[in-house]
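Chemist: My structure is stored as upload16.txt, with compact mmCIF, C-alpha atoms.
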```
# COMPACT_ATOMS: atom_id res chain seq x y z
CA MET A 1 -24.55 -57.76 49.14
CA ALA A 2 -13.60 -56.41 47.71
CA THR A 3 -10.11 -57.55 47.35
CA TRP A 4 -8.79 -57.31 50.73
CA VAL A 5 -6.04 -56.32 52.98
CA LEU A 6 -5.82 -58.66 55.85
CA SER A 7 -5.01 -57.57 59.34
CA GLU A 8 -6.57 -58.14 62.71
CA CYS A 9 -9.35 -55.84 61.53
CA GLY A 10 -10.33 -58.13 58.70
CA LEU A 11 -10.25 -58.09 54.94
CA ARG A 12 -12.19 -55.38 53.29
CA PRO A 13 -11.92 -52.94 50.39
CA LEU A 14 -11.94 -49.20 50.17
CA PRO A 15 -12.47 -47.12 47.06
CA THR A 16 -10.22 -44.15 47.57
CA ARG A 17 -11.08 -42.51 44.28
CA LEU A 18 -14.56 -41.18 44.11
CA TYR A 19 -16.61 -40.12 41.16
CA PRO A 20 -18.95 -37.25 42.04
CA ASN A 21 -21.30 -37.77 39.12
CA PRO A 22 -23.06 -41.13 38.90
CA THR A 23 -22.23 -42.90 35.69
CA THR A 24 -22.83 -46.30 34.25
CA ARG A 25 -19.62 -46.25 32.25
CA THR A 26 -16.73 -45.19 34.37
CA ARG A 27 -13.06 -44.82 33.87
CA THR A 28 -10.88 -47.72 34.87
CA THR A 29 -7.26 -47.93 35.86
CA THR A 30 -5.57 -51.24 35.22
CA SER A 31 -7.05 -54.65 34.72
CA ASN A 32 -6.47 -55.55 38.32
CA SER A 33 -7.41 -52.49 40.31
CA SER A 34 -11.02 -51.48 40.10
CA PHE A 35 -10.63 -49.60 43.35
CA PRO A 36 -7.19 -48.01 43.55
CA ASN A 37 -5.59 -48.19 46.95
CA SER A 38 -8.56 -50.09 48.34
CA ILE A 39 -8.33 -51.76 51.69
CA SER A 40 -9.72 -54.81 53.39
CA ILE A 41 -10.17 -55.71 56.96
CA ALA A 42 -9.95 -59.18 58.47
CA PRO A 43 -12.67 -61.01 60.38
CA LYS A 44 -14.12 -60.07 63.74
CA LYS A 45 -13.79 -56.26 64.12
CA ILE A 46 -14.92 -55.28 60.68
CA PHE A 47 -15.14 -52.05 58.79
CA ARG A 48 -15.98 -52.55 55.15
CA PRO A 49 -15.12 -49.24 53.55
CA ASP A 50 -16.41 -50.45 50.18
CA SER A 51 -19.77 -49.08 51.21
CA LEU A 52 -18.91 -45.72 52.65
CA VAL A 53 -15.40 -44.41 52.76
CA ALA A 54 -13.05 -42.65 50.37
CA ARG A 55 -10.02 -40.45 50.61
CA GLY A 56 -10.33 -36.72 50.91
CA ARG A 57 -12.57 -34.34 52.74
CA ARG A 58 -13.69 -32.47 49.66
CA TRP A 59 -16.59 -34.87 49.43
CA ALA A 60 -18.53 -33.17 52.20
CA VAL A 61 -22.16 -33.23 51.22
CA LYS A 62 -23.43 -29.97 49.77
CA VAL A 63 -27.13 -30.61 49.39
CA SER A 64 -30.19 -29.31 51.12
CA ALA A 65 -32.44 -31.43 53.28
CA PRO A 66 -35.67 -32.55 51.61
CA VAL A 67 -38.86 -30.92 52.78
CA GLY A 68 -40.43 -34.29 53.47
CA ILE A 69 -40.54 -37.96 52.60
CA GLN A 70 -43.29 -39.99 50.99
CA PHE A 71 -45.13 -42.98 52.36
CA VAL A 72 -47.57 -45.08 50.42
CA ASP A 73 -50.59 -46.75 51.94
CA GLU A 74 -51.42 -50.37 51.21
CA ASP A 75 -53.67 -49.82 48.19
CA GLU A 76 -51.27 -47.27 46.66
CA THR A 77 -54.08 -44.80 46.10
CA LYS A 78 -52.96 -42.24 48.64
CA VAL A 79 -49.45 -40.85 48.72
CA ASN A 80 -49.09 -38.44 51.59
CA LYS A 81 -46.23 -36.05 51.91
CA VAL A 82 -45.25 -35.98 55.54
CA GLU A 83 -43.24 -33.04 56.78
CA GLU A 84 -40.27 -33.96 58.89
CA ARG A 85 -41.13 -33.38 62.51
CA GLU A 86 -38.75 -31.46 64.68
CA GLY A 87 -36.30 -33.82 66.33
CA GLU A 88 -37.38 -36.85 64.27
CA PHE A 89 -34.56 -38.63 62.46
CA ASN A 90 -34.84 -38.49 58.67
CA PRO A 91 -32.60 -41.08 56.95
CA GLY A 92 -32.81 -39.09 53.71
CA ALA A 93 -31.40 -35.90 55.20
CA PRO A 94 -27.76 -34.95 54.51
CA PRO A 95 -25.54 -36.27 57.32
CA PRO A 96 -23.60 -33.95 59.64
CA PHE A 97 -20.29 -35.73 58.90
CA THR A 98 -18.08 -36.25 55.88
CA LEU A 99 -16.32 -39.17 54.24
CA GLY A 100 -13.11 -37.84 55.76
CA ASP A 101 -14.63 -38.13 59.23
CA ILE A 102 -15.46 -41.78 58.61
CA ARG A 103 -12.05 -42.51 57.18
CA ALA A 104 -10.37 -40.94 60.23
CA ALA A 105 -12.30 -43.31 62.50
CA ILE A 106 -10.67 -46.40 60.99
CA PRO A 107 -7.64 -47.63 62.99
CA LYS A 108 -4.41 -47.30 61.03
CA HIS A 109 -3.55 -50.99 61.25
CA CYS A 110 -6.74 -51.78 59.35
CA TRP A 111 -5.20 -50.24 56.23
CA VAL A 112 -2.26 -52.63 56.16
CA LYS A 113 -2.52 -55.32 53.46
CA ASP A 114 -1.11 -58.71 54.34
CA PRO A 115 -0.96 -60.98 51.26
CA TRP A 116 0.27 -63.92 53.34
CA LYS A 117 -2.76 -63.78 55.55
CA SER A 118 -4.94 -63.30 52.49
CA MET A 119 -3.47 -66.39 50.90
CA SER A 120 -3.97 -68.34 54.12
CA TYR A 121 -7.71 -67.81 53.73
CA VAL A 122 -7.52 -69.04 50.14
CA VAL A 123 -5.65 -72.19 51.18
CA ARG A 124 -8.09 -72.81 54.03
CA ASP A 125 -11.15 -72.53 51.83
CA VAL A 126 -9.74 -74.60 48.95
CA VAL A 127 -8.74 -77.40 51.34
CA VAL A 128 -12.24 -77.41 52.83
CA VAL A 129 -13.86 -77.47 49.37
CA PHE A 130 -11.86 -80.51 48.22
CA GLY A 131 -12.23 -82.18 51.60
CA LEU A 132 -16.00 -81.89 51.52
CA ALA A 133 -16.13 -83.28 47.97
CA ALA A 134 -13.93 -86.24 48.93
CA VAL A 135 -16.09 -87.09 51.95
CA ALA A 136 -19.34 -86.85 49.97
CA ALA A 137 -18.00 -89.00 47.12
CA TYR A 138 -16.68 -91.59 49.57
CA PHE A 139 -19.94 -92.09 51.48
CA ASN A 140 -22.17 -91.45 48.46
CA ASN A 141 -25.52 -91.80 50.21
CA MET A 142 -28.62 -89.65 50.50
CA VAL A 143 -27.96 -88.82 54.14
CA VAL A 144 -24.61 -87.20 53.34
CA TRP A 145 -25.45 -85.53 50.02
CA PRO A 146 -27.92 -82.90 51.33
CA LEU A 147 -25.48 -81.94 54.10
CA TYR A 148 -22.73 -81.71 51.51
CA TRP A 149 -24.81 -79.48 49.24
CA LEU A 150 -25.50 -77.03 52.05
CA ALA A 151 -21.89 -76.95 53.20
CA GLN A 152 -20.30 -76.83 49.75
CA GLY A 153 -22.67 -74.16 48.46
CA THR A 154 -21.58 -72.03 51.42
CA MET A 155 -17.92 -72.69 50.66
CA PHE A 156 -18.36 -71.73 47.00
CA TRP A 157 -19.81 -68.48 48.33
CA ALA A 158 -16.72 -68.07 50.56
CA LEU A 159 -14.52 -68.47 47.47
CA PHE A 160 -16.51 -65.75 45.76
CA VAL A 161 -15.93 -63.39 48.69
CA LEU A 162 -12.16 -63.91 48.44
CA GLY A 163 -12.29 -63.18 44.71
CA HIS A 164 -14.50 -60.20 45.46
CA ASP A 165 -11.75 -58.76 47.63
CA CYS A 166 -9.24 -59.41 44.86
CA GLY A 167 -11.45 -57.31 42.59
CA HIS A 168 -11.37 -54.43 45.05
CA GLY A 169 -7.59 -54.54 45.33
CA SER A 170 -7.52 -55.16 49.06
CA PHE A 171 -6.27 -58.73 48.85
CA SER A 172 -2.75 -57.41 48.39
CA ASN A 173 -0.79 -54.50 46.95
CA ASN A 174 0.27 -56.69 44.03
CA ALA A 175 -2.12 -56.18 41.11
CA LYS A 176 -0.91 -59.32 39.31
CA LEU A 177 -1.42 -61.47 42.40
CA ASN A 178 -4.92 -60.04 42.80
CA SER A 179 -5.76 -60.79 39.18
CA VAL A 180 -4.39 -64.35 39.19
CA VAL A 181 -6.06 -65.32 42.47
CA GLY A 182 -9.27 -63.58 41.47
CA HIS A 183 -9.41 -65.43 38.15
CA LEU A 184 -8.71 -68.81 39.74
CA LEU A 185 -11.33 -68.36 42.43
CA HIS A 186 -14.08 -66.81 40.34
CA SER A 187 -13.58 -68.98 37.28
CA SER A 188 -13.88 -72.07 39.50
CA ILE A 189 -17.43 -71.01 40.39
CA LEU A 190 -18.34 -69.78 36.87
CA VAL A 191 -18.00 -66.04 37.48
CA PRO A 192 -16.21 -63.95 34.79
CA TYR A 193 -13.73 -62.15 37.01
CA HIS A 194 -13.03 -58.92 35.12
CA GLY A 195 -16.57 -58.62 33.79
CA TRP A 196 -17.87 -58.86 37.33
CA ARG A 197 -15.08 -56.64 38.75
CA ILE A 198 -15.89 -53.78 36.40
CA SER A 199 -19.64 -53.89 36.93
CA HIS A 200 -19.09 -54.18 40.68
CA ARG A 201 -16.93 -51.08 40.54
CA THR A 202 -19.84 -49.32 38.82
CA HIS A 203 -22.09 -50.44 41.66
CA HIS A 204 -19.84 -48.97 44.33
CA GLN A 205 -19.34 -45.72 42.44
CA ASN A 206 -23.11 -45.29 42.19
CA HIS A 207 -24.57 -47.14 45.17
CA GLY A 208 -27.93 -45.81 46.26
CA HIS A 209 -28.62 -44.16 42.88
CA VAL A 210 -31.91 -45.27 41.32
CA GLU A 211 -30.79 -45.45 37.70
CA ASN A 212 -26.99 -45.76 37.86
CA ASP A 213 -26.54 -48.39 40.57
CA GLU A 214 -25.78 -51.84 39.25
CA SER A 215 -26.75 -54.34 41.97
CA TRP A 216 -30.33 -54.83 43.17
CA HIS A 217 -31.26 -51.24 42.41
CA PRO A 218 -34.98 -50.43 42.40
CA LEU A 219 -37.08 -50.43 39.26
CA SER A 220 -38.75 -47.18 38.33
CA GLU A 221 -42.54 -47.38 38.16
CA LYS A 222 -42.45 -47.02 34.36
CA ILE A 223 -40.09 -49.98 33.94
CA TYR A 224 -41.99 -51.99 36.54
CA ARG A 225 -45.32 -51.45 34.75
CA SER A 226 -43.74 -52.46 31.45
CA LEU A 227 -42.82 -55.92 32.75
CA ASP A 228 -45.11 -58.77 31.86
CA THR A 229 -46.88 -60.58 34.68
CA ALA A 230 -44.58 -63.61 34.54
CA THR A 231 -41.44 -61.45 34.85
CA ARG A 232 -42.88 -59.61 37.84
CA MET A 233 -43.75 -62.85 39.54
CA LEU A 234 -40.29 -64.30 38.92
CA ARG A 235 -38.59 -61.16 40.24
CA PHE A 236 -40.58 -60.93 43.46
CA THR A 237 -41.68 -64.48 44.27
CA LEU A 238 -39.29 -66.62 46.27
CA PRO A 239 -37.14 -68.57 45.57
CA PHE A 240 -36.80 -67.25 42.00
CA PRO A 241 -35.08 -63.93 42.85
CA MET A 242 -32.44 -65.90 44.75
CA LEU A 243 -31.53 -67.71 41.52
CA ALA A 244 -31.05 -64.54 39.47
CA TYR A 245 -27.28 -64.11 39.43
CA PRO A 246 -26.31 -66.24 36.38
CA PHE A 247 -29.05 -64.54 34.34
CA TYR A 248 -27.85 -61.14 35.52
CA LEU A 249 -24.34 -61.98 34.31
CA TRP A 250 -25.69 -62.74 30.86
CA GLY A 251 -28.26 -59.96 30.51
CA ARG A 252 -28.09 -57.55 33.49
CA SER A 253 -31.19 -56.13 35.16
CA PRO A 254 -34.46 -54.94 33.56
CA GLY A 255 -33.91 -51.60 31.88
CA LYS A 256 -30.18 -52.19 31.31
CA LYS A 257 -28.37 -53.67 28.33
CA GLY A 258 -25.16 -55.64 27.99
CA SER A 259 -23.46 -58.80 29.19
CA HIS A 260 -20.57 -59.47 31.56
CA PHE A 261 -19.07 -61.79 28.94
CA HIS A 262 -19.09 -59.57 25.86
CA PRO A 263 -16.22 -57.09 25.45
CA ASP A 264 -18.43 -54.64 23.50
CA SER A 265 -21.04 -54.48 26.26
CA ASP A 266 -22.22 -51.11 27.54
CA LEU A 267 -20.63 -52.09 30.84
CA PHE A 268 -17.10 -51.69 29.51
CA LEU A 269 -14.82 -49.10 27.98
CA PRO A 270 -12.69 -49.87 24.91
CA ASN A 271 -9.49 -50.25 26.96
CA GLU A 272 -11.17 -52.95 29.07
CA LYS A 273 -11.89 -55.32 26.18
CA LYS A 274 -8.78 -57.47 26.70
CA ASP A 275 -9.60 -57.92 30.37
CA VAL A 276 -13.15 -59.02 29.56
CA ILE A 277 -11.97 -61.44 26.87
CA THR A 278 -9.42 -62.96 29.27
CA SER A 279 -12.09 -63.60 31.90
CA THR A 280 -14.55 -64.98 29.38
CA VAL A 281 -11.90 -67.42 28.14
CA CYS A 282 -11.22 -68.54 31.72
CA TRP A 283 -14.95 -69.00 32.32
CA THR A 284 -15.23 -71.03 29.13
CA ALA A 285 -12.29 -73.21 30.17
CA MET A 286 -14.01 -74.01 33.47
CA ALA A 287 -17.26 -74.83 31.69
CA ALA A 288 -15.34 -77.13 29.32
CA LEU A 289 -13.67 -78.82 32.28
CA LEU A 290 -17.07 -79.56 33.83
CA VAL A 291 -18.28 -81.02 30.53
CA GLY A 292 -15.17 -83.18 30.37
CA LEU A 293 -15.65 -84.38 33.94
CA SER A 294 -19.23 -85.35 33.15
CA PHE A 295 -17.90 -87.78 30.53
CA VAL A 296 -15.35 -89.21 32.96
CA MET A 297 -17.42 -89.32 36.15
CA GLY A 298 -20.91 -89.23 34.72
CA PRO A 299 -23.23 -86.20 34.55
CA LEU A 300 -25.13 -87.20 37.69
CA GLN A 301 -21.96 -87.26 39.80
CA VAL A 302 -20.89 -83.85 38.48
CA LEU A 303 -24.37 -82.54 39.23
CA LYS A 304 -24.15 -83.80 42.81
CA LEU A 305 -20.57 -82.68 43.40
CA TYR A 306 -20.69 -79.32 41.61
CA GLY A 307 -24.04 -78.41 40.05
CA ILE A 308 -26.22 -78.34 43.15
CA PRO A 309 -23.59 -76.59 45.32
CA TYR A 310 -23.23 -74.01 42.53
CA TRP A 311 -26.89 -73.08 42.87
CA GLY A 312 -26.45 -72.97 46.63
CA PHE A 313 -23.67 -70.43 46.10
CA VAL A 314 -25.92 -68.40 43.80
CA MET A 315 -28.60 -68.27 46.48
CA TRP A 316 -26.06 -67.11 49.08
CA LEU A 317 -24.81 -64.37 46.77
CA ASP A 318 -28.29 -63.09 45.94
CA LEU A 319 -29.41 -63.29 49.57
CA VAL A 320 -26.45 -61.35 50.97
CA THR A 321 -26.36 -58.69 48.27
CA TYR A 322 -30.13 -58.15 48.36
CA LEU A 323 -30.30 -57.83 52.15
CA HIS A 324 -27.35 -55.43 52.11
CA HIS A 325 -29.67 -52.92 50.42
CA HIS A 326 -33.19 -54.04 51.38
CA GLY A 327 -35.32 -55.35 54.20
CA HIS A 328 -34.98 -52.77 56.97
CA GLU A 329 -38.03 -52.16 59.14
CA ASP A 330 -37.89 -48.46 58.21
CA LYS A 331 -38.12 -47.25 54.64
CA LEU A 332 -34.70 -46.16 53.36
CA PRO A 333 -34.18 -43.59 50.61
CA TRP A 334 -32.86 -43.97 47.08
CA TYR A 335 -31.50 -40.94 45.27
CA ARG A 336 -31.28 -39.22 41.91
CA GLY A 337 -29.85 -36.00 40.55
CA LYS A 338 -28.30 -33.45 42.87
CA GLU A 339 -29.54 -35.22 46.00
CA TRP A 340 -27.31 -38.22 45.30
CA SER A 341 -23.78 -38.32 46.67
CA TYR A 342 -21.37 -41.15 47.29
CA LEU A 343 -21.77 -40.68 51.02
CA ARG A 344 -25.57 -40.52 51.10
CA GLY A 345 -25.85 -43.55 48.84
CA GLY A 346 -23.52 -45.54 51.07
CA LEU A 347 -25.48 -44.63 54.19
CA THR A 348 -28.49 -46.61 52.92
CA THR A 349 -26.63 -49.93 53.11
CA LEU A 350 -27.27 -52.43 55.90
CA ASP A 351 -25.05 -54.67 57.99
CA ARG A 352 -26.29 -58.19 58.71
CA ASP A 353 -25.30 -60.79 61.29
CA TYR A 354 -24.95 -64.31 59.87
CA GLY A 355 -24.09 -66.15 63.06
CA TRP A 356 -21.63 -69.00 62.52
CA ILE A 357 -21.47 -68.11 58.84
CA ASN A 358 -19.75 -64.78 59.58
CA ASN A 359 -16.33 -66.39 59.84
CA ILE A 360 -16.92 -68.82 56.99
CA HIS A 361 -17.77 -66.08 54.49
CA HIS A 362 -15.12 -63.70 55.82
CA ASP A 363 -17.49 -61.27 57.55
CA ILE A 364 -18.89 -59.98 54.28
CA GLY A 365 -22.08 -58.94 56.08
CA THR A 366 -20.38 -56.36 58.31
CA HIS A 367 -19.01 -53.16 56.81
CA THR A 368 -19.09 -50.32 59.30
CA GLU A 369 -18.21 -51.47 62.82
CA ALA A 370 -15.31 -49.05 63.33
CA ALA A 371 -17.31 -46.06 62.10
CA LYS A 372 -20.36 -46.51 64.31
CA PRO A 373 -19.48 -43.58 66.65
CA VAL A 374 -19.31 -41.27 63.64
CA LEU A 375 -22.40 -42.60 61.88
CA GLY A 376 -24.76 -42.29 64.83
CA LYS A 377 -28.36 -42.93 63.81
CA TYR A 378 -27.29 -43.47 60.21
CA TYR A 379 -25.91 -46.82 61.36
CA ARG A 380 -28.60 -49.48 61.73
CA GLU A 381 -27.52 -52.13 64.21
CA PRO A 382 -28.15 -55.60 62.75
CA LYS A 383 -30.30 -58.03 64.66
CA LYS A 384 -28.20 -60.59 66.52
CA SER A 385 -28.32 -63.95 64.78
CA TRP A 386 -28.69 -67.44 66.13
CA PRO A 387 -25.89 -69.83 65.08
CA LEU A 388 -27.68 -70.09 61.73
CA PRO A 389 -29.16 -66.85 60.30
CA LEU A 390 -32.66 -68.21 59.81
CA HIS A 391 -34.20 -64.89 60.89
CA LEU A 392 -33.04 -63.34 57.61
CA PHE A 393 -35.50 -65.38 55.57
CA GLY A 394 -38.42 -63.58 57.23
CA LEU A 395 -36.86 -60.19 56.41
CA LEU A 396 -36.28 -61.31 52.84
CA ALA A 397 -39.86 -62.53 52.35
CA ASN A 398 -41.30 -59.35 53.87
CA SER A 399 -39.18 -57.14 51.61
CA MET A 400 -40.20 -59.09 48.51
CA LYS A 401 -43.83 -58.41 49.38
CA LYS A 402 -43.37 -54.66 49.84
CA ASP A 403 -40.35 -53.30 47.93
CA HIS A 404 -41.44 -53.33 44.30
CA TYR A 405 -40.70 -50.00 42.59
CA VAL A 406 -39.97 -46.31 43.12
CA SER A 407 -41.53 -43.22 41.62
CA ASP A 408 -40.41 -42.04 38.20
CA GLU A 409 -40.02 -38.53 39.60
CA GLY A 410 -38.24 -37.02 42.56
CA ASP A 411 -34.61 -36.96 43.66
CA ILE A 412 -35.34 -38.69 46.98
CA VAL A 413 -37.66 -41.67 46.59
CA TYR A 414 -38.79 -44.65 48.64
CA TYR A 415 -39.99 -48.10 47.67
CA GLN A 416 -43.67 -48.47 46.89
CA THR A 417 -45.84 -51.58 46.91
CA ASP A 418 -47.85 -53.24 44.17
CA SER A 419 -50.91 -54.45 46.06
CA ASN A 420 -51.47 -57.18 43.47
CA LEU A 421 -48.19 -58.81 44.47
CA SER A 422 -48.41 -58.17 48.20
CA LYS A 423 -51.47 -60.32 48.81
```
Could you express the structure from this file as structure tokens?

Modeler:
Amino acid sequence: MATWVLSECGLRPLPTRLYPNPTTRTRTTTSNSSFPNSISIAPKKIFRPDSLVARGRRWAVKVSAPVGIQFVDEDETKVNKVEEREGEFNPGAPPPFTLGDIRAAIPKHCWVKDPWKSMSYVVRDVVVVFGLAAVAAYFNNMVVWPLYWLAQGTMFWALFVLGHDCGHGSFSNNAKLNSVVGHLLHSSILVPYHGWRISHRTHHQNHGHVENDESWHPLSEKIYRSLDTATRMLRFTLPFPMLAYPFYLWGRSPGKKGSHFHPDSDLFLPNEKKDVITSTVCWTAMAALLVGLSFVMGPLQVLKLYGIPYWGFVMWLDLVTYLHHHGHEDKLPWYRGKEWSYLRGGLTTLDRDYGWINNIHHDIGTHTEAAKPVLGKYYREPKKSWPLPLHLFGLLANSMKKDHYVSDEGDIVYYQTDSNLSK
């Protein structure tokens, strides 16, 4: 789990301003550019710089390698510090390359933004969305409806990805076009565009940081232990975590305060209030439209045409964003303090192959293809998918059983397991 520039490389974003100190409230530019000068890359050969790259070589990592990493046995009673063996790859060690090295590996044509190509994807997806709804309403039988729900939920997710790239500024060089398209796309699937855009910017500026990351960051052991049993079960028992996104928009994650809809939320700075209000009004207008349609068409028809696909979209969003940061066969580090850097945080993200869905959701699962020669062992090749990415459900279930919390102390930490939930 960017606004995009579209070229033969694909559409993907690139934050070119970096913020060396992790922060939950960061400075913004204009209402439409959460990532100034970001890029996007079109489908097929994909490099998604939103996870790793930024302009300038002054971001070379200046931290020392940790003495060792921690592993926890199944009953959590023994935590053994294992010294790094000579020649063994340690994913938590500072990399031998810089952000500038990664940036230099990206072909120049991948940085060219093509708003016409971007808009062609919007037109394609919108036509498919209305076409699917027309077909389902015409046949109106229980053979067609389940197929429609699966297909339309996926298309709602594709709309989100396009709006996501608008939020990164890589959809085009025109900030107003990015904002208008982003609002239309995200409001149509009940996402407050600017509220999401700003919190997503915070995520990218702090990815891999235990406390300051915004999306699917780990809970500290103290916060985890403070949760009641029901909350723990809901957070780590499928399918409930895959239905979390609307609740996150309203109340964020455990341990954090604020709402994506309220202009005075801790998420936003005073100069962002107007943006947040605008997006909340657009969200409210869409909600009112759905209420109005329920009177015209009947609530059951609106539920079948929109409500169920909406929850399908939510599940796609939570699945992709979760697996972008979790579920690898090897334990991956999370950072705090001086050990965190933008580069090291980005190196913990994971590419995924979604089979036929790759093209439909605009290759959102692949971020680093062009930089693989530079990344070396820090790049984790995704498992090749069948036409449908059914293999990912096993990875998801396994991660939910094992990745529960991280230690309250230490600047390089790894997920630990609550044996009571892993049974």

Chemist: Find the distance between atom CA of A:Ile102 and atom CA of A:Lys331 and write it in Å to one decimal.

Modeler: 23.6 Å

Chemist: Do you have, as a Markdown table, the list of residues of stretch 177-240 of chain A lying at most 8 Å from stretch 391-411 of chain A, each with its nearest atom pair and that distance in Å to one decimal, counting only C-alpha atoms and ordered by chain then number?

Modeler:
```
| residue | atom | partner | partner_atom | distance |
| --- | --- | --- | --- | --- |
| A:Pro218 | CA | A:Tyr405 | CA | 5.7 |
| A:Leu219 | CA | A:Tyr405 | CA | 4.9 |
| A:Ser220 | CA | A:Val406 | CA | 5.0 |
| A:Glu221 | CA | A:Tyr405 | CA | 5.5 |
| A:Lys222 | CA | A:Asp408 | CA | 6.6 |
| A:Tyr224 | CA | A:Tyr405 | CA | 6.5 |
| A:Phe236 | CA | A:Met400 | CA | 5.4 |
| A:Thr237 | CA | A:Met400 | CA | 7.0 |
| A:Leu238 | CA | A:Ala397 | CA | 7.3 |
```

Chemist: Quick one: everything within 9 Å of A:Asp101, counting all atoms listed in the file, minus sequence neighbours fewer than 4 positions away in the same chain. Send it as a list of chain:residue names.

Modeler: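 So the residues in contact are A:Arg57, A:Phe97, A:Ala105, A:Ala371, A:Val374.
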
Chemist: With all atoms listed in the file as the atoms that count, which of A:Trp196, A:Phe171, A:Trp311, A:Phe295 lies nearest to A:Pro239?

Modeler: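 Smallest distance to A:Pro239 is found for A:Trp311.
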
Chemist: Taking only residues of stretch 167-203 of chain A that have an atom at most 12 Å from an atom of stretch 259-282 of chain A, what is each one's shortest atom pair and its distance in Å to one decimal, using only C-alpha atoms, in chain and number order, as a tab-separated table?

Modeler:
```
residue	atom	partner	partner_atom	distance
A:Ser179	CA	A:Asp275	CA	10.0
A:Val180	CA	A:Ser279	CA	10.6
A:Gly182	CA	A:Ser279	CA	10.0
A:His183	CA	A:Ser279	CA	7.0
A:Leu184	CA	A:Cys282	CA	8.4
A:Leu185	CA	A:Cys282	CA	10.7
A:His186	CA	A:Cys282	CA	9.2
A:Ser187	CA	A:Cys282	CA	6.1
A:Ser188	CA	A:Cys282	CA	8.9
A:Ile189	CA	A:Cys282	CA	10.9
A:Leu190	CA	A:Cys282	CA	8.9
A:Val191	CA	A:Ser279	CA	8.5
A:Pro192	CA	A:Ser279	CA	5.0
A:Tyr193	CA	A:Ser279	CA	5.6
A:His194	CA	A:Val276	CA	5.6
A:Gly195	CA	A:His260	CA	4.7
A:Trp196	CA	A:His260	CA	6.4
A:Arg197	CA	A:His260	CA	9.5
A:Ile198	CA	A:Phe268	CA	7.3
A:Ser199	CA	A:Leu267	CA	6.4
A:His200	CA	A:Leu267	CA	10.2
A:Arg201	CA	A:Leu267	CA	10.4
A:Thr202	CA	A:Leu267	CA	8.5
A:His203	CA	A:Leu267	CA	11.0
```

Chemist: Of the candidates A:Val314, A:Met233, A:Ala134, A:Leu150, which one gets nearest to A:Pro246 if we count only C-alpha atoms?

Modeler: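 Under the stated criterion, the closest residue is A:Val314.
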
Chemist: Quick one: distance from atom CA of A:Ile412 to atom CA of A:His325 in Å, one decimal?

Modeler: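 Interatomic distance here is 15.7 Å.
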
Chemist: Dig up all the protein and nucleic acid residues within 7 Å of (-28.4, -50.5, 57.3) in the file frame, using all atoms listed in the file, and format them as a list of chain:residue names.

Modeler: A:His328, A:Thr348, A:Thr349, A:Leu350, A:Asp351, A:Tyr379, A:Arg380

Chemist: From the set A:Gly365, A:Gly312, A:Gly307, A:Pro91, which residue has the shortest atom-to-atom contact distance to A:Ala244, counting all atoms listed in the file?

Modeler: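 Residue with the minimum atom-to-atom distance to A:Ala244: A:Gly312.
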
Chemist: Taking 6 positions as the minimum chain separation for residues in the same chain, which residues sit within 10 Å of A:Arg344 when counting all atoms listed in the file? Answer as a list of chain:residue names.

Modeler: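 Near A:Arg344, the qualifying residues are A:Leu52, A:Val61, A:Pro91, A:Gly92, A:Ala93, A:Pro94, A:Pro95, A:Thr98, A:Leu99, A:His207, A:Gly208, A:His209, A:Pro333, A:Trp334, A:Tyr335, A:Tyr378.
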